[in-house]
Structures are given as structure tokens and as C-alpha cells.
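Colleague: Attaching a single structure in C-alpha cells format; questions to follow.
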Amino acid sequence: MRTQHTAHPLPAFPVYSCAFVASDQIVVGGGGGAARSGIKNKLRLFNVSQDRQLKMLCEHELEKGEDVPMSIAAHPESRSFACGINSSEQHLEKGDNENCRVFSISDSENALVKEATRGTLPTGALEDYQRVTVLSPDGKLLAVAGEHDFSLLAYPSLSPVVQPTQIPKGEIYDATFSSAHLVLATSLNLLVYALPEPPSEGGEQSPKKKKGKQKGKGKEKDVPSQTSSQTPELRLVKTIDVPLVPGAPAQSNVTFRAARFHPSNYNTLYTAVNTVAPRAKKAKMAKTQAYILKWRVSLQGENDSARSIFVERARKAGEGGLTCLDVSPNGKFLAFGSSDYSLGILDSTTLSPLLSILKAHEFPITTVRFSPTSTLLVSGGVDNSIRIVTVPDKFAGQPWTLIILIVLALLVAVVAILLQQ
């Protein structure tokens, strides 16, 4: 079955992030950034049909000087989402950056309403931004991170659950939750943390209403920027360094780029790694390759020696560096976007390639997301477009396996006939 996909141009709207807020609705973050490019930064809500049609329902224009929404995580059950948006340069210089924000969707008015905000990035870090925004499977915890600073918040109040954590080495690129652990993917290693008890929404940690004039009917809430001294620290239970990647050139520099737990089997973890080989003498630049690794995870023991994480499978994903990764909610597929403009889908069990669109975008892909029903895949890029891919029930991986088995059976039958003669 040939997979169908449709590109949708979005004039003057470079796409940086997206997330499904319902099976047929997606919120997209884009714009020209904090620089005076003339392209406004916005959040847009679209309806996405099963035949890959796209219709804009509403848009929320950010205030002048605010940055583009760089990361988004949605909570479809509550019709809300969290995103990372830096405040204007004037606010950053004053140390007032409301970078983490929660929006709800007003169905009656077809509008996005800002509900809560919190500053999690260090004061004075003018170039830092919220690159990671990830919700826990139960929707109660929100992980947000900049380049070196990580926060675990209650959702949707944005109250701190643990003390902020600073990573002394490497850059933070991703985070993923299981039911009991959180894995932080940095460029140098995977940091495995034990999750605290689920927070209670309400009581003393509820967000306070922000004083002053508010836009729209929604009451924006602002959470105090200081964390209580009684808030516990996040407990690190294991550190996994970058592994040797089968097939990668010798002496390659290997870095983690993304991480995702299997949605229903937390004993399985997927990571994307990029490898940069030593530059050859006559080469203009070093050779970059991307790999998807499937890990077997066991974190039930109390001692570090009882916990194990090891690479079970590896698959080369492309010649360019991988930029984003997602796992379908039904757990069957992995999707990735690459700096070489390609979009791919793998079988989550075997890591066999099922789909490859060599030029899905004109520039490196910035975001990929499966729909809640696992029937659609959306990719976005700074080429002012998104691409919608139909994900069929019977993908190409299983038919190819069947074809190979049939061919082998026929060969065996032919050999048997020849031997009888």
C-alpha cells in the first residue's frame, strides 16, 4: 500500500513546534523569532481531517518582542497545552522571563486562552530558551528544560514538584517519562531519575492570579518564581553514557539527540543519536550519520547494580543529523525528522524502515508528531510548511517480511523438485 502524504504551505509562518490537542486538532507554534524579522510569532490551532486536509480555526499572536514557541506538549483530555515562549528582550534584561506557559482552548469562542505562566530559565541567560516541554503519561507532571537547567512542575498549575536541577556537563535535548522514572537525554548521557509522589493540584501550591488588566475572558495565572525550600530534590538513580554504535565510523563523536519510552511498555526505550566521524583530509566537512537505538530497560531494583539498561537493536536512520523523534501512541511506529530534509517511519519492534520521504521539507525538519489515534503523522519545518502523512493499518514492513518468507518457501520447493528429478 502506497502511503499518501500532503504538504501544506503556511506563508510567513516558519514552524518550530506542534502537538495534537485532539484526534483531529493540532496546535502549531511558529514565527520569525525574537529578531525584528517582520514575521510575527504566533500559535495557531488547525483542524486536521483524515484525508489530510488542513483548516485554521484560530490564531494567538504573541506580544511584540516575545520569541517563537519553541516546544509544545498537549493534554488532549483537558484540551490544554504547555509551551516554551521567551518573554521580550526588555523583560529578559530585567530577569523577568515567563518562558513556561499553559493555554486552554475555548471551544465556544474558538480561541486560545493563557492560563498560567512560570519562569524556569536562569536569570540573565538571554540566549537560552525552553527547548524541552514534555508531559507525563498521566498528565500530572510537566518536564521543561533549557540548555542546562531542568524543572519538574505540576500540571496545569506549574507549581514546582522538586528543586530545579542544573546539568553541569553537556546540553539537554529531550526528556521522556515512564510511570516511575524520568529520563533526561543530554548530549553526553542519559540521566535516569526516580519520580516523586504525584502532586495534588490545589491547596497552597495553586497558582496565584496575576494582577492587572487581562486580555480575553480567560484569567491568566502567574506562579511565584521562587521554589519552596521544602521542595525535595530529584533523585538520580542511574547515568548511561553514550554507547558504541554498531556501524558507526571508528572514533566518531556520538551524541544523544532524543529519547522516548514505549507508550505501553516501559521496559523499552528509544533514543536517537548523531555520530560525527573524524574529517578526512580532502573532505570539506565531517561526515554525520543518525542512528535509532532500541534499549531494554530494567529499573525496578533498589541498588544501581540491579538496574540495567542496554542496547537491544540499532538502525541507521540517515546520512544527516537527526533533529526530532516521536513514537506513535499505539506503540507500533517511530517517526523521525532529519537535517537532510527527510522524514522517516520505522517499525518500533524491528526498527525496519517503513517509509522514507527524501525531501519532505526545504529545510531541516523541526518537529514530528503522531495523532492520538496513530493514523496521522505531522511534520513541520522553517520552510513555512507542514506535511501530513496518512499512517495505514498495514504498513510496508510486514508485507515485505511476508514476501521474503514466500520467496524463501518457493526456493525451497524448487530445490526439492530438482533434487527429486
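Labeling convention for the C-alpha cells: chains A, B, ... as they appear, residues from 1 per chain, ligands from 1 in order of appearance.
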Please tabulate, as a tab-separated table, the residues of region 112-182 of chain A that come within 12 Å of region 288-301 of chain A, each with its closest pair of atoms and the distance in Å to one decimal, counting only C-alpha atoms and ordering rows by chain, then residue number upward.
Modeller:
residue	atom	partner	partner_atom	distance
A:Ser178	CA	A:Leu299	CA	10.5
A:Ser179	CA	A:Leu299	CA	11.2
A:Ala180	CA	A:Leu299	CA	9.0
A:His181	CA	A:Leu299	CA	8.4
A:Leu182	CA	A:Leu299	CA	11.0
Colleague: Tell me, in Å to one decimal, how far CA of Val162 (chain A) is from CA of Glu233 (chain A).
Modeller: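 Going from CA of Val162 (chain A) over to CA of Glu233 (chain A) covers 5.2 Å.
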Colleague: Quick one: residues within 8 Å of region 363-368 of chain A, only C-alpha atoms, excluding same-chain residues fewer than 4 positions away - as a ChimeraX atom specification?
Modeller: /A:15-18,323-326,335-343,377-383
Colleague: Just the residues within 12 Å of Ala185 (chain A), please, counting only C-alpha atoms, with nothing from its chain fewer than 6 positions along; format it as JSON, numbers by chain.
Modeller: {"A": [132, 145, 147, 148, 150, 167, 169, 170, 171, 172, 173, 174, 175, 176, 177, 191, 192, 193, 239, 240, 241, 242, 255, 256, 257, 258, 259, 260, 261, 269, 270, 271, 272, 273]}
Colleague: Keeping only N, CA and C atoms, write those residues as a compact mmCIF listing (two decimals), in the first residue's frame.
Modeller:
# COMPACT_ATOMS: atom_id res chain seq x y z
N VAL A 132 12.76 21.95 25.76
CA VAL A 132 12.09 20.70 26.13
C VAL A 132 10.80 21.01 26.87
N ALA A 145 12.89 22.24 30.13
CA ALA A 145 14.34 22.42 30.25
C ALA A 145 14.85 23.38 29.21
N GLU A 147 19.03 24.86 28.08
CA GLU A 147 20.27 24.21 27.68
C GLU A 147 20.88 23.39 28.81
N HIS A 148 20.85 23.92 30.05
CA HIS A 148 21.47 23.23 31.18
C HIS A 148 20.55 23.10 32.39
N PHE A 150 16.84 22.25 34.28
CA PHE A 150 15.68 21.39 34.16
C PHE A 150 14.74 21.60 35.34
N ILE A 167 22.36 20.78 34.95
CA ILE A 167 23.23 19.76 34.39
C ILE A 167 24.59 20.38 34.13
N LYS A 169 27.37 19.16 32.75
CA LYS A 169 28.06 18.80 31.51
C LYS A 169 27.05 18.43 30.44
N GLY A 170 27.37 18.84 29.21
CA GLY A 170 26.50 18.51 28.09
C GLY A 170 25.31 19.45 27.99
N GLU A 171 24.56 19.31 26.89
CA GLU A 171 23.35 20.09 26.66
C GLU A 171 22.13 19.19 26.75
N ILE A 172 21.06 19.71 27.33
CA ILE A 172 19.81 18.96 27.41
C ILE A 172 19.09 19.04 26.06
N TYR A 173 18.64 17.87 25.56
CA TYR A 173 17.93 17.83 24.29
C TYR A 173 16.52 17.27 24.39
N ASP A 174 16.26 16.41 25.37
CA ASP A 174 14.95 15.78 25.42
C ASP A 174 14.69 15.20 26.79
N ALA A 175 13.44 14.81 27.04
CA ALA A 175 13.05 14.13 28.27
C ALA A 175 11.90 13.20 27.95
N THR A 176 11.79 12.10 28.70
CA THR A 176 10.70 11.15 28.50
C THR A 176 10.34 10.49 29.82
N PHE A 177 9.05 10.23 30.01
CA PHE A 177 8.54 9.67 31.26
C PHE A 177 8.14 8.20 31.08
N LEU A 191 20.28 10.55 31.81
CA LEU A 191 20.18 10.68 33.27
C LEU A 191 18.81 10.15 33.69
N VAL A 192 18.81 9.11 34.51
CA VAL A 192 17.57 8.46 34.94
C VAL A 192 17.23 8.91 36.35
N TYR A 193 16.05 9.49 36.53
CA TYR A 193 15.61 9.99 37.83
C TYR A 193 14.37 9.24 38.29
N THR A 239 23.09 6.72 35.50
CA THR A 239 23.63 7.51 34.40
C THR A 239 24.15 6.56 33.33
N ILE A 240 23.71 6.78 32.09
CA ILE A 240 24.14 5.94 30.98
C ILE A 240 24.89 6.80 29.98
N ASP A 241 26.15 6.50 29.77
CA ASP A 241 26.96 7.24 28.80
C ASP A 241 26.61 6.80 27.38
N VAL A 242 27.03 7.61 26.40
CA VAL A 242 26.76 7.25 25.00
C VAL A 242 27.44 5.92 24.69
N THR A 255 26.54 11.66 20.05
CA THR A 255 25.74 12.47 20.98
C THR A 255 24.29 12.03 20.93
N PHE A 256 23.63 12.02 22.09
CA PHE A 256 22.20 11.78 22.15
C PHE A 256 21.46 13.00 21.60
N ARG A 257 20.33 12.75 20.92
CA ARG A 257 19.52 13.85 20.38
C ARG A 257 18.08 13.79 20.85
N ALA A 258 17.56 12.60 21.11
CA ALA A 258 16.16 12.47 21.54
C ALA A 258 15.98 11.15 22.27
N ALA A 259 14.90 11.06 23.08
CA ALA A 259 14.59 9.83 23.82
C ALA A 259 13.09 9.72 23.99
N ARG A 260 12.57 8.49 23.85
CA ARG A 260 11.15 8.23 24.04
C ARG A 260 10.95 6.83 24.63
N PHE A 261 10.19 6.73 25.72
CA PHE A 261 9.75 5.43 26.21
C PHE A 261 8.65 4.90 25.29
N LEU A 269 12.97 1.55 25.61
CA LEU A 269 13.31 2.96 25.43
C LEU A 269 13.96 3.13 24.06
N TYR A 270 13.58 4.20 23.37
CA TYR A 270 14.18 4.52 22.08
C TYR A 270 14.98 5.81 22.19
N THR A 271 16.15 5.84 21.60
CA THR A 271 16.93 7.07 21.55
C THR A 271 17.42 7.31 20.13
N ALA A 272 17.59 8.56 19.83
CA ALA A 272 18.22 8.96 18.57
C ALA A 272 19.60 9.50 18.90
N VAL A 273 20.60 9.04 18.16
CA VAL A 273 21.95 9.53 18.35
C VAL A 273 22.51 10.00 17.01
Colleague: Using the chain letters and numbers from this document, which residues of region 86-310 of chain A does DSSP assign to strand (DSSP E or B), as an MDAnalysis selection string?
Modeller: chainID A and resid 100:106 111:118 132:135 141:145 149:154 160 165:166 172:177 181:186 189:194 208:209 221:222 235:241 253:261 268:276 288:298 308:310
Colleague: Please provide as a PyMOL selection string all residues within 9 Å of Asn110 (chain A), with the sequence filter that same-chain residues fewer than 6 positions apart are discarded (counting only C-alpha atoms).
Modeller: chain A and resi 45+57-58
Colleague: Just to be explicit: take each residue in the selection above, keep C-alpha atoms, and write the result as a short mmCIF file (atom, residue, chain, number, x, y, z; two decimals), in the first residue's frame.
Modeller:
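To be explicit, this is the file written out as selection-v6.cif:
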data_model
loop_
_atom_site.label_atom_id
_atom_site.label_comp_id
_atom_site.auth_asym_id
_atom_site.auth_seq_id
_atom_site.Cartn_x
_atom_site.Cartn_y
_atom_site.Cartn_z
CA LEU A 45 -4.96 25.93 16.00
CA LEU A 57 -9.56 27.51 13.45
CA CYS A 58 -7.88 30.38 15.28
#
Colleague: Fewer than 5 positions away in the same chain doesn't count, so skip those; otherwise give me all residues within 12 Å of Phe370 (chain A), counting only C-alpha atoms, as a PyMOL selection string.
Modeller: chain A and resi 18-26+48+325-336+345+375-379+387-391
Colleague: Please measure the separation of CA of Thr133 (chain A) and CA of Cys83 (chain A), giving the value in Å to one decimal.
Modeller: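 Distance reported for this atom pair: 6.4 Å.
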Colleague: Could you check the closest approach to Pro249 (chain A) for each of A:Val415, A:Ala286, A:Val237, A:Ala74 and tell me which residue wins, using only C-alpha atoms?
Modeller: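 Selected residue with least distance to Pro249 (chain A): A:Ala286.
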